[in-house]
$ cat data_11.cif   # mmCIF, C-alpha atoms
data_entry
loop_
_atom_site.group_PDB
_atom_site.id
_atom_site.type_symbol
_atom_site.label_atom_id
_atom_site.label_comp_id
_atom_site.auth_asym_id
_atom_site.auth_seq_id
_atom_site.Cartn_x
_atom_site.Cartn_y
_atom_site.Cartn_z
ATOM 1 C CA MET A 1 -14.032 6.172 12.760
ATOM 2 C CA VAL A 2 -15.046 5.185 16.306
ATOM 3 C CA GLY A 3 -15.526 1.424 16.441
ATOM 4 C CA LYS A 4 -13.683 0.842 13.168
ATOM 5 C CA VAL A 5 -10.481 -1.173 12.867
ATOM 6 C CA CYS A 6 -7.806 0.133 10.487
ATOM 7 C CA LEU A 7 -4.560 -1.486 9.370
ATOM 8 C CA VAL A 8 -1.815 0.713 7.888
ATOM 9 C CA THR A 9 1.397 -0.676 6.417
ATOM 10 C CA GLY A 10 4.644 1.295 6.525
ATOM 11 C CA ALA A 11 3.396 3.202 9.554
ATOM 12 C CA ASN A 12 6.664 4.022 11.348
ATOM 13 C CA SER A 13 7.345 7.236 9.395
ATOM 14 C CA GLY A 14 6.201 9.592 6.657
ATOM 15 C CA ILE A 15 2.772 9.239 5.083
ATOM 16 C CA GLY A 16 2.038 5.954 6.841
ATOM 17 C CA LYS A 17 2.722 7.320 10.294
ATOM 18 C CA GLU A 18 0.666 10.432 9.654
ATOM 19 C CA THR A 19 -2.190 8.345 8.221
ATOM 20 C CA ALA A 20 -2.165 6.147 11.319
ATOM 21 C CA ARG A 21 -2.097 9.201 13.571
ATOM 22 C CA ARG A 22 -5.002 10.872 11.806
ATOM 23 C CA LEU A 23 -7.171 7.746 11.800
ATOM 24 C CA ALA A 24 -6.496 7.325 15.528
ATOM 25 C CA ASP A 25 -7.377 10.978 16.093
ATOM 26 C CA LEU A 26 -10.715 10.240 14.399
ATOM 27 C CA GLY A 27 -11.322 7.494 16.962
ATOM 28 C CA GLY A 28 -10.354 4.432 14.966
ATOM 29 C CA THR A 29 -8.543 1.398 16.342
ATOM 30 C CA VAL A 30 -5.314 1.501 14.354
ATOM 31 C CA VAL A 31 -2.927 -1.382 13.736
ATOM 32 C CA MET A 32 0.437 -0.027 12.624
ATOM 33 C CA VAL A 33 2.510 -2.405 10.502
ATOM 34 C CA CYS A 34 6.256 -1.733 10.584
ATOM 35 C CA ARG A 35 9.361 -3.658 9.571
ATOM 36 C CA ASN A 36 11.749 -2.323 12.210
ATOM 37 C CA LYS A 37 10.728 -3.012 15.813
ATOM 38 C CA GLY A 38 12.629 -0.100 17.333
ATOM 39 C CA LYS A 39 11.289 2.456 14.869
ATOM 40 C CA GLY A 40 7.827 0.965 15.142
ATOM 41 C CA GLU A 41 7.778 1.192 18.924
ATOM 42 C CA LYS A 42 8.979 4.796 18.789
ATOM 43 C CA ALA A 43 6.236 5.713 16.305
ATOM 44 C CA LEU A 44 3.654 3.848 18.384
ATOM 45 C CA ALA A 45 4.629 5.763 21.532
ATOM 46 C CA ASP A 46 4.346 9.022 19.635
ATOM 47 C CA ILE A 47 0.928 8.281 18.135
ATOM 48 C CA ALA A 48 -0.400 6.748 21.364
ATOM 49 C CA LYS A 49 -0.261 10.211 22.919
ATOM 50 C CA THR A 50 -3.417 11.042 20.988
ATOM 51 C CA ARG A 51 -6.729 11.182 22.797
ATOM 52 C CA GLY A 52 -8.322 9.214 19.967
ATOM 53 C CA GLY A 53 -8.662 5.474 19.436
ATOM 54 C CA PRO A 54 -6.285 2.728 20.556
ATOM 55 C CA VAL A 55 -3.141 2.025 18.563
ATOM 56 C CA GLU A 56 -1.105 -1.173 18.350
ATOM 57 C CA LEU A 57 1.988 -2.399 16.551
ATOM 58 C CA MET A 58 2.532 -5.476 14.396
ATOM 59 C CA LEU A 59 5.801 -6.327 12.669
ATOM 60 C CA ALA A 60 6.222 -7.536 9.099
ATOM 61 C CA ASP A 61 8.872 -7.446 6.389
ATOM 62 C CA LEU A 62 7.201 -6.989 3.010
ATOM 63 C CA ALA A 63 10.289 -8.423 1.339
ATOM 64 C CA SER A 64 9.158 -11.831 2.655
ATOM 65 C CA PHE A 65 5.895 -13.594 1.782
ATOM 66 C CA GLU A 66 6.283 -15.730 4.899
ATOM 67 C CA SER A 67 6.351 -12.565 7.002
ATOM 68 C CA VAL A 68 3.232 -11.245 5.246
ATOM 69 C CA ARG A 69 1.383 -14.490 5.913
ATOM 70 C CA SER A 70 2.458 -14.327 9.559
ATOM 71 C CA LEU A 71 1.133 -10.762 9.763
ATOM 72 C CA ALA A 72 -2.246 -11.755 8.337
ATOM 73 C CA LYS A 73 -2.474 -14.768 10.639
ATOM 74 C CA GLY A 74 -1.560 -12.688 13.690
ATOM 75 C CA PHE A 75 -4.087 -10.002 12.810
ATOM 76 C CA LEU A 76 -6.902 -12.515 12.322
ATOM 77 C CA GLU A 77 -6.105 -14.108 15.665
ATOM 78 C CA LYS A 78 -6.432 -10.763 17.481
ATOM 79 C CA HIS A 79 -9.240 -9.054 15.569
ATOM 80 C CA ASN A 80 -12.666 -10.111 14.344
ATOM 81 C CA SER A 81 -13.218 -7.117 12.068
ATOM 82 C CA LEU A 82 -11.314 -4.912 9.619
ATOM 83 C CA HIS A 83 -12.925 -1.821 8.152
ATOM 84 C CA VAL A 84 -9.970 -0.060 6.513
ATOM 85 C CA LEU A 85 -6.811 -1.496 4.930
ATOM 86 C CA VAL A 86 -4.261 1.102 3.839
ATOM 87 C CA ASN A 87 -1.522 -0.443 1.696
ATOM 88 C CA ASN A 88 1.025 2.329 2.114
ATOM 89 C CA ALA A 89 4.497 0.808 2.547
ATOM 90 C CA GLY A 90 6.974 1.141 -0.288
ATOM 91 C CA GLY A 91 10.454 2.165 -1.243
ATOM 92 C CA VAL A 92 12.833 3.204 -3.990
ATOM 93 C CA ILE A 93 15.647 0.696 -4.510
ATOM 94 C CA LEU A 94 18.813 2.010 -6.142
ATOM 95 C CA SER A 95 20.191 -1.195 -7.621
ATOM 96 C CA ARG A 96 18.559 -4.427 -8.710
ATOM 97 C CA SER A 97 18.158 -7.007 -5.974
ATOM 98 C CA LEU A 98 15.991 -10.016 -5.248
ATOM 99 C CA THR A 99 14.064 -10.809 -2.086
ATOM 100 C CA VAL A 100 14.265 -14.092 -0.191
ATOM 101 C CA ASP A 101 11.400 -15.210 -2.448
ATOM 102 C CA GLY A 102 13.429 -14.534 -5.586
ATOM 103 C CA ILE A 103 11.301 -11.535 -6.641
ATOM 104 C CA GLU A 104 12.687 -8.157 -7.752
ATOM 105 C CA THR A 105 12.620 -6.173 -4.505
ATOM 106 C CA THR A 106 10.715 -3.041 -5.546
ATOM 107 C CA PHE A 107 7.993 -5.093 -7.226
ATOM 108 C CA GLN A 108 7.484 -7.273 -4.152
ATOM 109 C CA VAL A 109 7.682 -4.582 -1.464
ATOM 110 C CA ASP A 110 5.677 -1.907 -3.287
ATOM 111 C CA TYR A 111 3.081 -4.166 -4.888
ATOM 112 C CA LEU A 112 3.183 -7.952 -4.654
ATOM 113 C CA SER A 113 3.216 -8.285 -0.855
ATOM 114 C CA HIS A 114 0.272 -5.898 -0.666
ATOM 115 C CA PHE A 115 -1.531 -8.042 -3.235
ATOM 116 C CA LEU A 116 -0.957 -11.058 -0.983
ATOM 117 C CA LEU A 117 -1.888 -9.264 2.254
ATOM 118 C CA THR A 118 -5.087 -7.860 0.755
ATOM 119 C CA ASN A 119 -6.205 -11.262 -0.479
ATOM 120 C CA LEU A 120 -5.424 -12.901 2.856
ATOM 121 C CA LEU A 121 -7.625 -10.297 4.579
ATOM 122 C CA LEU A 122 -10.440 -10.161 2.026
ATOM 123 C CA GLU A 123 -12.832 -12.380 3.948
ATOM 124 C CA ILE A 124 -12.642 -10.312 7.130
ATOM 125 C CA LEU A 125 -13.021 -7.134 5.053
ATOM 126 C CA LYS A 126 -16.182 -8.601 3.490
ATOM 127 C CA LYS A 127 -17.550 -9.635 6.881
ATOM 128 C CA SER A 128 -16.882 -6.110 8.195
ATOM 129 C CA ALA A 129 -18.534 -4.330 5.242
ATOM 130 C CA PRO A 130 -18.913 -1.536 4.504
ATOM 131 C CA SER A 131 -15.128 -1.508 4.408
ATOM 132 C CA ARG A 132 -12.411 0.128 2.340
ATOM 133 C CA ILE A 133 -9.092 -0.741 0.721
ATOM 134 C CA VAL A 134 -6.777 2.188 0.013
ATOM 135 C CA ASN A 135 -3.679 1.626 -2.133
ATOM 136 C CA VAL A 136 -1.023 4.338 -2.080
ATOM 137 C CA SER A 137 0.321 4.487 -5.628
ATOM 138 C CA SER A 138 2.086 7.393 -7.332
ATOM 139 C CA ALA A 139 1.960 9.670 -10.359
ATOM 140 C CA ALA A 140 5.102 7.730 -11.334
ATOM 141 C CA HIS A 141 2.732 5.079 -12.673
ATOM 142 C CA TYR A 142 2.126 7.288 -15.733
ATOM 143 C CA SER A 143 5.613 6.465 -16.979
ATOM 144 C CA GLY A 144 5.385 2.815 -15.958
ATOM 145 C CA HIS A 145 5.161 -0.143 -18.312
ATOM 146 C CA LEU A 146 4.483 -3.690 -17.199
ATOM 147 C CA ASP A 147 6.306 -6.469 -19.042
ATOM 148 C CA LEU A 148 5.015 -9.694 -17.532
ATOM 149 C CA ASP A 149 7.716 -11.609 -19.399
ATOM 150 C CA ASP A 150 10.489 -9.797 -17.505
ATOM 151 C CA LEU A 151 9.248 -9.234 -13.956
ATOM 152 C CA PRO A 152 12.747 -9.957 -12.533
ATOM 153 C CA MET A 153 13.966 -6.982 -14.624
ATOM 154 C CA LYS A 154 17.004 -8.816 -15.938
ATOM 155 C CA ASN A 155 16.978 -6.632 -19.024
ATOM 156 C CA GLY A 156 17.964 -3.101 -18.040
ATOM 157 C CA TYR A 157 17.145 -2.369 -14.410
ATOM 158 C CA GLY A 158 16.506 1.261 -13.584
ATOM 159 C CA THR A 159 15.586 2.699 -10.180
ATOM 160 C CA MET A 160 12.636 4.771 -11.339
ATOM 161 C CA ARG A 161 11.697 2.230 -13.997
ATOM 162 C CA ALA A 162 11.261 -0.374 -11.263
ATOM 163 C CA TYR A 163 9.368 2.063 -9.049
ATOM 164 C CA SER A 164 7.011 3.279 -11.780
ATOM 165 C CA ARG A 165 6.081 -0.232 -12.932
ATOM 166 C CA ALA A 166 5.352 -1.305 -9.332
ATOM 167 C CA LYS A 167 3.081 1.705 -8.917
ATOM 168 C CA LEU A 168 1.374 0.902 -12.230
ATOM 169 C CA ALA A 169 0.816 -2.635 -10.955
ATOM 170 C CA GLN A 170 -0.874 -1.155 -7.883
ATOM 171 C CA VAL A 171 -3.323 0.790 -10.035
ATOM 172 C CA LEU A 172 -4.062 -2.213 -12.264
ATOM 173 C CA PHE A 173 -4.573 -4.313 -9.129
ATOM 174 C CA THR A 174 -6.899 -1.728 -7.593
ATOM 175 C CA TYR A 175 -9.159 -1.630 -10.630
ATOM 176 C CA GLU A 176 -9.293 -5.405 -10.982
ATOM 177 C CA LEU A 177 -9.918 -5.784 -7.250
ATOM 178 C CA ALA A 178 -12.797 -3.287 -7.425
ATOM 179 C CA ARG A 179 -14.367 -5.266 -10.275
ATOM 180 C CA ARG A 180 -14.083 -8.519 -8.317
ATOM 181 C CA LEU A 181 -15.542 -6.956 -5.167
ATOM 182 C CA GLN A 182 -18.662 -5.504 -6.770
ATOM 183 C CA GLY A 183 -21.670 -6.130 -4.538
ATOM 184 C CA THR A 184 -19.645 -7.081 -1.452
ATOM 185 C CA GLY A 185 -19.676 -3.690 0.277
ATOM 186 C CA VAL A 186 -15.873 -3.495 0.054
ATOM 187 C CA THR A 187 -14.448 -0.619 -1.992
ATOM 188 C CA ALA A 188 -10.951 -0.328 -3.460
ATOM 189 C CA ASN A 189 -9.335 2.930 -4.545
ATOM 190 C CA CYS A 190 -5.793 4.155 -5.174
ATOM 191 C CA LEU A 191 -4.084 7.515 -5.004
ATOM 192 C CA HIS A 192 -1.134 9.744 -5.679
ATOM 193 C CA PRO A 193 -0.131 11.348 -2.346
ATOM 194 C CA GLY A 194 1.921 14.123 -3.917
ATOM 195 C CA VAL A 195 5.706 14.271 -3.973
ATOM 196 C CA VAL A 196 6.300 13.970 -0.260
ATOM 197 C CA ALA A 197 9.423 14.707 1.793
ATOM 198 C CA THR A 198 9.708 11.242 3.351
ATOM 199 C CA ASN A 199 12.646 8.984 4.205
ATOM 200 C CA ILE A 200 12.676 7.727 0.604
ATOM 201 C CA TRP A 201 14.341 10.995 -0.428
ATOM 202 C CA LYS A 202 16.500 11.435 2.682
ATOM 203 C CA ARG A 203 18.728 8.439 1.994
ATOM 204 C CA SER A 204 21.600 8.496 -0.472
ATOM 205 C CA MET A 205 20.058 8.332 -3.925
ATOM 206 C CA GLY A 206 23.213 8.163 -6.013
ATOM 207 C CA PRO A 207 22.494 9.950 -9.299
ATOM 208 C CA LEU A 208 19.111 10.976 -7.885
ATOM 209 C CA SER A 209 20.599 12.635 -4.789
ATOM 210 C CA PHE A 210 19.719 16.063 -6.131
ATOM 211 C CA VAL A 211 16.102 15.248 -5.245
ATOM 212 C CA GLY A 212 16.977 15.213 -1.559
ATOM 213 C CA ASN A 213 18.827 18.490 -1.853
ATOM 214 C CA VAL A 214 15.813 20.359 -3.183
ATOM 215 C CA SER A 215 13.184 18.510 -1.143
ATOM 216 C CA ARG A 216 12.845 21.209 1.458
ATOM 217 C CA LEU A 217 11.903 23.665 -1.263
ATOM 218 C CA PHE A 218 9.591 21.622 -3.478
ATOM 219 C CA LEU A 219 8.283 18.536 -1.667
ATOM 220 C CA ILE A 220 5.175 18.583 0.501
ATOM 221 C CA SER A 221 5.075 17.437 4.121
ATOM 222 C CA PRO A 222 3.946 13.959 5.254
ATOM 223 C CA GLU A 223 0.949 15.662 6.870
ATOM 224 C CA GLU A 224 -0.102 17.022 3.484
ATOM 225 C CA GLY A 225 0.774 13.743 1.771
ATOM 226 C CA ALA A 226 -1.550 11.779 4.066
ATOM 227 C CA GLU A 227 -4.579 13.946 3.247
ATOM 228 C CA THR A 228 -5.881 11.810 0.392
ATOM 229 C CA SER A 229 -5.216 8.499 2.164
ATOM 230 C CA VAL A 230 -7.191 9.657 5.195
ATOM 231 C CA TYR A 231 -9.920 11.064 2.960
ATOM 232 C CA LEU A 232 -10.383 7.754 1.133
ATOM 233 C CA ALA A 233 -10.233 5.817 4.405
ATOM 234 C CA SER A 234 -12.751 7.898 6.327
ATOM 235 C CA SER A 235 -14.786 10.435 4.371
ATOM 236 C CA GLN A 236 -18.516 9.923 3.848
ATOM 237 C CA ALA A 237 -18.079 11.748 0.531
ATOM 238 C CA VAL A 238 -16.510 8.615 -0.989
ATOM 239 C CA GLU A 239 -18.799 6.053 0.644
ATOM 240 C CA GLY A 240 -19.466 3.430 -2.031
ATOM 241 C CA VAL A 241 -16.980 4.934 -4.507
ATOM 242 C CA THR A 242 -14.713 2.236 -5.920
ATOM 243 C CA GLY A 243 -12.213 1.527 -8.678
ATOM 244 C CA LYS A 244 -10.939 5.108 -8.868
ATOM 245 C CA TYR A 245 -7.608 6.913 -8.859
ATOM 246 C CA PHE A 246 -7.352 10.047 -6.705
ATOM 247 C CA ASP A 247 -4.984 12.990 -6.532
ATOM 248 C CA ASN A 248 -5.413 15.768 -3.954
ATOM 249 C CA LYS A 249 -8.754 14.257 -2.847
ATOM 250 C CA GLN A 250 -10.127 14.465 -6.380
ATOM 251 C CA GLU A 251 -10.801 11.712 -8.912
ATOM 252 C CA LYS A 252 -8.252 11.820 -11.715
ATOM 253 C CA GLU A 253 -7.717 9.863 -14.906
ATOM 254 C CA SER A 254 -4.891 7.356 -14.569
ATOM 255 C CA SER A 255 -2.653 6.151 -17.395
ATOM 256 C CA ALA A 256 -4.038 4.390 -20.452
ATOM 257 C CA GLU A 257 -2.151 1.188 -19.612
ATOM 258 C CA SER A 258 -3.715 1.109 -16.141
ATOM 259 C CA HIS A 259 -7.143 0.578 -17.777
ATOM 260 C CA ASP A 260 -6.057 -2.501 -19.759
ATOM 261 C CA GLN A 261 -8.369 -5.148 -18.286
ATOM 262 C CA VAL A 262 -6.656 -8.026 -20.078
ATOM 263 C CA LEU A 263 -3.310 -6.945 -18.623
ATOM 264 C CA ALA A 264 -4.908 -6.585 -15.179
ATOM 265 C CA GLN A 265 -6.272 -10.121 -15.329
ATOM 266 C CA ARG A 266 -2.923 -11.490 -16.494
ATOM 267 C CA LEU A 267 -1.174 -9.585 -13.695
ATOM 268 C CA TRP A 268 -3.626 -11.003 -11.145
ATOM 269 C CA ALA A 269 -3.015 -14.576 -12.289
ATOM 270 C CA GLU A 270 0.766 -14.081 -12.274
ATOM 271 C CA SER A 271 0.608 -12.421 -8.852
ATOM 272 C CA GLU A 272 -1.260 -15.408 -7.434
ATOM 273 C CA LYS A 273 1.475 -17.714 -8.706
ATOM 274 C CA LEU A 274 4.403 -15.597 -7.548
ATOM 275 C CA SER A 275 2.992 -14.961 -4.076
ATOM 276 C CA GLY A 276 1.927 -18.566 -3.548
ATOM 277 C CA LEU A 277 -1.708 -17.568 -3.203
ATOM 278 C CA ALA A 278 -2.787 -19.877 -6.025
ATOM 279 C CA SER A 279 -1.289 -22.954 -4.346
ATOM 280 C CA VAL A 280 -2.854 -22.051 -1.000
ATOM 281 C CA ARG A 281 -6.294 -21.739 -2.591
ATOM 282 C CA GLY A 282 -5.800 -24.923 -4.562
ATOM 283 C CA SER A 283 -5.092 -26.925 -1.399
ATOM 284 C CA SER A 284 -7.935 -25.408 0.656
#

$ encode --input "data_11.cif" --output "structure tokens"
Amino acid sequence: MVGKVCLVTGANSGIGKETARRLADLGGTVVMVCRNKGKGEKALADIAKTRGGPVELMLADLASFESVRSLAKGFLEKHNSLHVLVNNAGGVILSRSLTVDGIETTFQVDYLSHFLLTNLLLEILKKSAPSRIVNVSSAAHYSGHLDLDDLPMKNGYGTMRAYSRAKLAQVLFTYELARRLQGTGVTANCLHPGVVATNIWKRSMGPLSFVGNVSRLFLISPEEGAETSVYLASSQAVEGVTGKYFDNKQEKESSAESHDQVLAQRLWAESEKLSGLASVRGSS
């Protein structure tokens, strides 16, 4: 990874932090994207102890499209290449809430802001080709269903229902992105990291709190959870591989709904509208 620039979202803890650390250990220049400045600086100081490539911190709140646009603008002002984009940040939200943009929070943070960020960085990814986009999804997508007529989830919000549909959206997005990037030298893949003992399960989970109680027995470590992300970001074994879903560094069949190309195209068009990407392109 020497000479390659990598951007990792949600890099202050868990899988994201370990992914950033491992890519730096391989010699890459790593840009860590974090929401909280204090936690980000602490993680940066920890990772910077490596003898590998340089590491830097950029701040962004994925619950705000304005913040995502600021992140992309700031990155493009500082860097003239991007070889690896790891869309890792995400969360599990207990009760229904809306972001400052009026979007259901889980859908925006886990999927829609990454859709926007990826599109804002596509040109530099193409110029830096061969380059890779890695989307951290989840096996939860198997139980997900995407109703484009109720993206605000006004009809029956559920914590895991919101999470699973956002992760399904990530897989649909990955496949559609791979189709659109054919011939550019940019690959796009997604993955299930395993059920990882991260901060998602350490917080109070209400009726799901039992998950945290058994995590030490059944959940894997962030180091193990980052294995597939690092593999897809760096391994020569997947050079040129695109439009695939991985689990434990192996290709795996994703859900039937994730292969619905009509749904993927409809999701893309709706995502452009919701994120403001369509209006930006229309005025350029």

$ closest_atom_pairs --input "data_11.cif" --of "range 3-55 of chain A" --to "range 226-232 of chain A" --cutoff "8 Å" --atoms "only C-alpha atoms" --output "CSV"
residue,atom,partner,partner_atom,distance
A:Ile15,CA,A:Ala226,CA,5.1
A:Gly16,CA,A:Ala226,CA,7.4
A:Glu18,CA,A:Ala226,CA,6.2
A:Thr19,CA,A:Ala226,CA,5.4
A:Arg22,CA,A:Val230,CA,7.1
A:Leu23,CA,A:Val230,CA,6.9

$ resolve_selection --input "data_11.cif" --expression "the PyMOL selection byres ((chain A and resi 57) around 8)" --output "ChimeraX atom specification"
/A:31-34,40-41,44,55-56,58-59

$ atom_distance --input "data_11.cif" --atom1 "CA of Gly185 in chain A" --atom2 "CA of Ala72 in chain A"
20.8 Å

$ resolve_selection --input "data_11.cif" --expression "the PyMOL selection byres ((chain A and resi 132-146) around 6)" --output "short mmCIF file (atom, residue, chain, number, x, y, z; two decimals) with C-alpha atoms, in the coordinates of the input"
data_model
loop_
_atom_site.label_atom_id
_atom_site.label_comp_id
_atom_site.auth_asym_id
_atom_site.auth_seq_id
_atom_site.Cartn_x
_atom_site.Cartn_y
_atom_site.Cartn_z
CA VAL A 84 -9.97 -0.06 6.51
CA LEU A 85 -6.81 -1.50 4.93
CA VAL A 86 -4.26 1.10 3.84
CA ASN A 87 -1.52 -0.44 1.70
CA ASN A 88 1.02 2.33 2.11
CA SER A 131 -15.13 -1.51 4.41
CA ASP A 147 6.31 -6.47 -19.04
CA SER A 164 7.01 3.28 -11.78
CA ARG A 165 6.08 -0.23 -12.93
CA LYS A 167 3.08 1.70 -8.92
CA LEU A 168 1.37 0.90 -12.23
CA VAL A 186 -15.87 -3.50 0.05
CA THR A 187 -14.45 -0.62 -1.99
CA ALA A 188 -10.95 -0.33 -3.46
CA ASN A 189 -9.34 2.93 -4.54
CA CYS A 190 -5.79 4.16 -5.17
CA LEU A 191 -4.08 7.52 -5.00
CA HIS A 192 -1.13 9.74 -5.68
CA SER A 255 -2.65 6.15 -17.40
#

$ atom_distance --input "data_11.cif" --atom1 "CA of Asn36 in chain A" --atom2 "CA of Thr105 in chain A"
17.2 Å

$ atom_distance --input "data_11.cif" --atom1 "CA of Tyr111 in chain A" --atom2 "CA of Asn155 in chain A"
20.0 Å

$ closest_residue --input "data_11.cif" --among "A:Ala233, A:Val30, A:Ala264, A:Ala129" --to "Thr174 in chain A" --atoms "only C-alpha atoms"
A:Ala264

$ residues_around --input "data_11.cif" --residues "Ala60 in chain A" --least-positions-apart "6" --cutoff "10 Å" --atoms "only C-alpha atoms" --output "count of residues only"
14

$ axis_aligned_box --input "data_11.cif" --around "range 56-70 of chain A" --padding-each-side "3 Å" --output "AutoDock Vina command-line options"
--center_x 4.6 --center_y -8.5 --center_z 9.8 --size_x 17.4 --size_y 20.6 --size_z 23.0

$ residues_around --input "data_11.cif" --residues "Ala162 in chain A" --least-positions-apart "4" --cutoff "8 Å" --atoms "all atoms listed in the file" --output "list in words"
Thr106, Phe107, Met153, Tyr157, Gly158 and Ala166 of chain A

$ residues_around --input "data_11.cif" --residues "Leu125 in chain A" --least-positions-apart "3" --cutoff "6 Å" --atoms "all atoms listed in the file" --output "list in words"
Leu82, Leu122 and Ser128 of chain A

$ closest_residue --input "data_11.cif" --among "A:Lys73, A:Lys78, A:Lys126, A:Lys17" --to "Ile47 in chain A" --atoms "all atoms listed in the file"
A:Lys17

$ closest_residue --input "data_11.cif" --among "A:Phe65, A:Tyr163, A:Trp268, A:Tyr245" --to "Leu177 in chain A" --atoms "all atoms listed in the file"
A:Trp268

$ resolve_selection --input "data_11.cif" --expression "the PyMOL selection byres ((chain A and resi 274-277) around 9)" --output "list in words"
Phe65, Asp101, Ile103, Gln108, Leu112, Ser113, Phe115, Leu116, Asn119, Leu120, Ala269, Glu270, Ser271, Glu272, Lys273, Ala278, Ser279, Val280, Arg281 and Gly282 of chain A

$ residues_near_point --input "data_11.cif" --point "(-11.2, 3.5, 18.9)" --cutoff "7 Å" --atoms "all atoms listed in the file" --output "mmCIF file with C-alpha atoms, in the frame of the given file"
data_model
loop_
_atom_site.group_PDB
_atom_site.id
_atom_site.type_symbol
_atom_site.label_atom_id
_atom_site.label_comp_id
_atom_site.auth_asym_id
_atom_site.auth_seq_id
_atom_site.Cartn_x
_atom_site.Cartn_y
_atom_site.Cartn_z
ATOM 1 C CA VAL A 2 -15.046 5.185 16.306
ATOM 2 C CA GLY A 3 -15.526 1.424 16.441
ATOM 3 C CA LYS A 4 -13.683 0.842 13.168
ATOM 4 C CA ALA A 24 -6.496 7.325 15.528
ATOM 5 C CA GLY A 27 -11.322 7.494 16.962
ATOM 6 C CA GLY A 28 -10.354 4.432 14.966
ATOM 7 C CA THR A 29 -8.543 1.398 16.342
ATOM 8 C CA GLY A 52 -8.322 9.214 19.967
ATOM 9 C CA GLY A 53 -8.662 5.474 19.436
ATOM 10 C CA PRO A 54 -6.285 2.728 20.556
#

$ closest_residue --input "data_11.cif" --among "A:Gln182, A:Ser221, A:Gln170, A:Ser234" --to "His114 in chain A" --atoms "only C-alpha atoms"
A:Gln170
